[in-house]
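Chemist: One structure, pasted below without further comment.
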Amino acid sequence: MKQQSKLTAKQEQTVEPQLQAKAGHEFQNSDELLRFDAEQTVVPPEIAARLERSVQKIAPKKSSGWFARIFGGNNL
């Protein structure tokens, strides 16, 4: 069965340049692609708030440097 396009000829003409403009960008590596995608993506406020609360629950461990671990901290 043949698929029929629901777009008019004028709509098809406006869609094609948009696709060509987006398809023309090449990325050097996956990190560049992810950064580009992150710039284009809007995070919903509910998700951002949940993420912020989750991050705050994870307290950073206070670790001393290697020098303090070997020589016993701030007893100098």
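As shown in the structure tokens, the chain order sets the letters A, B, ...; within each chain, residues go from 1, and ligands are also counted from 1 in the order they appear.
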Would you please extract all alpha helix (DSSP H) residues from range 22-63 of chain A, as assigned by DSSP on the backbone, and give them as a CSV table (one decimal) with N, CA and C atoms, in the first residue's frame?
Modeler:
```csv
chain,number,residue,atom,x,y,z
A,22,LYS,N,19.4,21.4,9.7
A,22,LYS,CA,19.7,20.6,10.9
A,22,LYS,C,20.6,19.4,10.6
A,23,ALA,N,20.5,18.8,9.4
A,23,ALA,CA,21.3,17.6,9.1
A,23,ALA,C,22.7,18.0,8.7
A,30,SER,N,31.3,12.2,20.6
A,30,SER,CA,30.0,12.0,21.3
A,30,SER,C,29.8,13.1,22.3
A,31,ASP,N,30.9,13.6,23.0
A,31,ASP,CA,30.8,14.6,24.0
A,31,ASP,C,30.3,15.9,23.4
A,32,GLU,N,30.8,16.2,22.2
A,32,GLU,CA,30.3,17.4,21.5
A,32,GLU,C,28.8,17.3,21.1
A,33,LEU,N,28.4,16.1,20.7
A,33,LEU,CA,27.0,15.9,20.4
A,33,LEU,C,26.1,16.1,21.7
A,34,LEU,N,26.6,15.5,22.8
A,34,LEU,CA,25.8,15.6,24.1
A,34,LEU,C,25.7,17.1,24.5
A,35,ARG,N,26.8,17.8,24.4
A,35,ARG,CA,26.8,19.3,24.8
A,35,ARG,C,25.8,20.0,23.9
A,36,PHE,N,25.8,19.8,22.6
A,36,PHE,CA,24.9,20.5,21.7
A,36,PHE,C,23.5,20.1,22.1
A,37,ASP,N,23.2,18.9,22.3
A,37,ASP,CA,21.9,18.4,22.7
A,37,ASP,C,21.4,19.1,24.0
A,38,ALA,N,22.3,19.2,25.0
A,38,ALA,CA,22.0,19.7,26.3
A,38,ALA,C,21.6,21.2,26.1
A,39,GLU,N,22.3,21.9,25.2
A,39,GLU,CA,22.0,23.3,25.0
A,39,GLU,C,20.6,23.5,24.3
A,40,GLN,N,20.2,22.5,23.6
A,40,GLN,CA,18.9,22.6,22.9
A,40,GLN,C,17.7,22.1,23.7
A,45,PRO,N,10.7,22.2,34.9
A,45,PRO,CA,11.0,22.7,36.3
A,45,PRO,C,10.8,21.6,37.3
A,46,GLU,N,9.8,20.7,37.2
A,46,GLU,CA,9.6,19.7,38.2
A,46,GLU,C,10.8,18.8,38.3
A,47,ILE,N,11.4,18.4,37.1
A,47,ILE,CA,12.5,17.5,37.1
A,47,ILE,C,13.7,18.2,37.6
A,48,ALA,N,13.9,19.5,37.3
A,48,ALA,CA,15.1,20.2,37.8
A,48,ALA,C,15.0,20.3,39.3
A,49,ALA,N,13.8,20.5,39.9
A,49,ALA,CA,13.7,20.6,41.3
A,49,ALA,C,14.0,19.3,42.0
A,50,ARG,N,13.5,18.2,41.4
A,50,ARG,CA,13.8,16.9,42.0
A,50,ARG,C,15.2,16.6,41.9
A,51,LEU,N,15.9,16.9,40.8
A,51,LEU,CA,17.3,16.7,40.7
A,51,LEU,C,18.1,17.5,41.7
A,52,GLU,N,17.7,18.7,41.9
A,52,GLU,CA,18.4,19.6,42.9
A,52,GLU,C,18.2,19.0,44.3
A,53,ARG,N,17.0,18.5,44.7
A,53,ARG,CA,16.8,17.9,46.0
A,53,ARG,C,17.7,16.7,46.2
A,54,SER,N,17.7,15.9,45.1
A,54,SER,CA,18.5,14.6,45.2
A,54,SER,C,20.0,14.9,45.4
A,55,VAL,N,20.5,15.9,44.7
A,55,VAL,CA,21.9,16.3,44.8
A,55,VAL,C,22.2,16.8,46.2
A,56,GLN,N,21.3,17.6,46.8
A,56,GLN,CA,21.6,18.1,48.1
A,56,GLN,C,21.6,17.0,49.2
A,57,LYS,N,20.8,15.9,48.9
A,57,LYS,CA,20.8,14.8,49.9
A,57,LYS,C,22.2,14.1,49.9
```
Chemist: Mind pulling up the distance from CA of Gly72 in chain A to CA of Pro60 in chain A?
Modeler: 21.2 Å
Chemist: Please measure the separation of CA of Val42 in chain A and CA of Phe27 in chain A, giving the value in Å to one decimal.
Modeler: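 Going from CA of Val42 in chain A over to CA of Phe27 in chain A, I get 20.8 Å.
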Chemist: Tell me, in Å to one decimal, how far CA of Asn29 in chain A is from CA of Pro44 in chain A.
Modeler: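 Distance reported for this atom pair: 27.0 Å.
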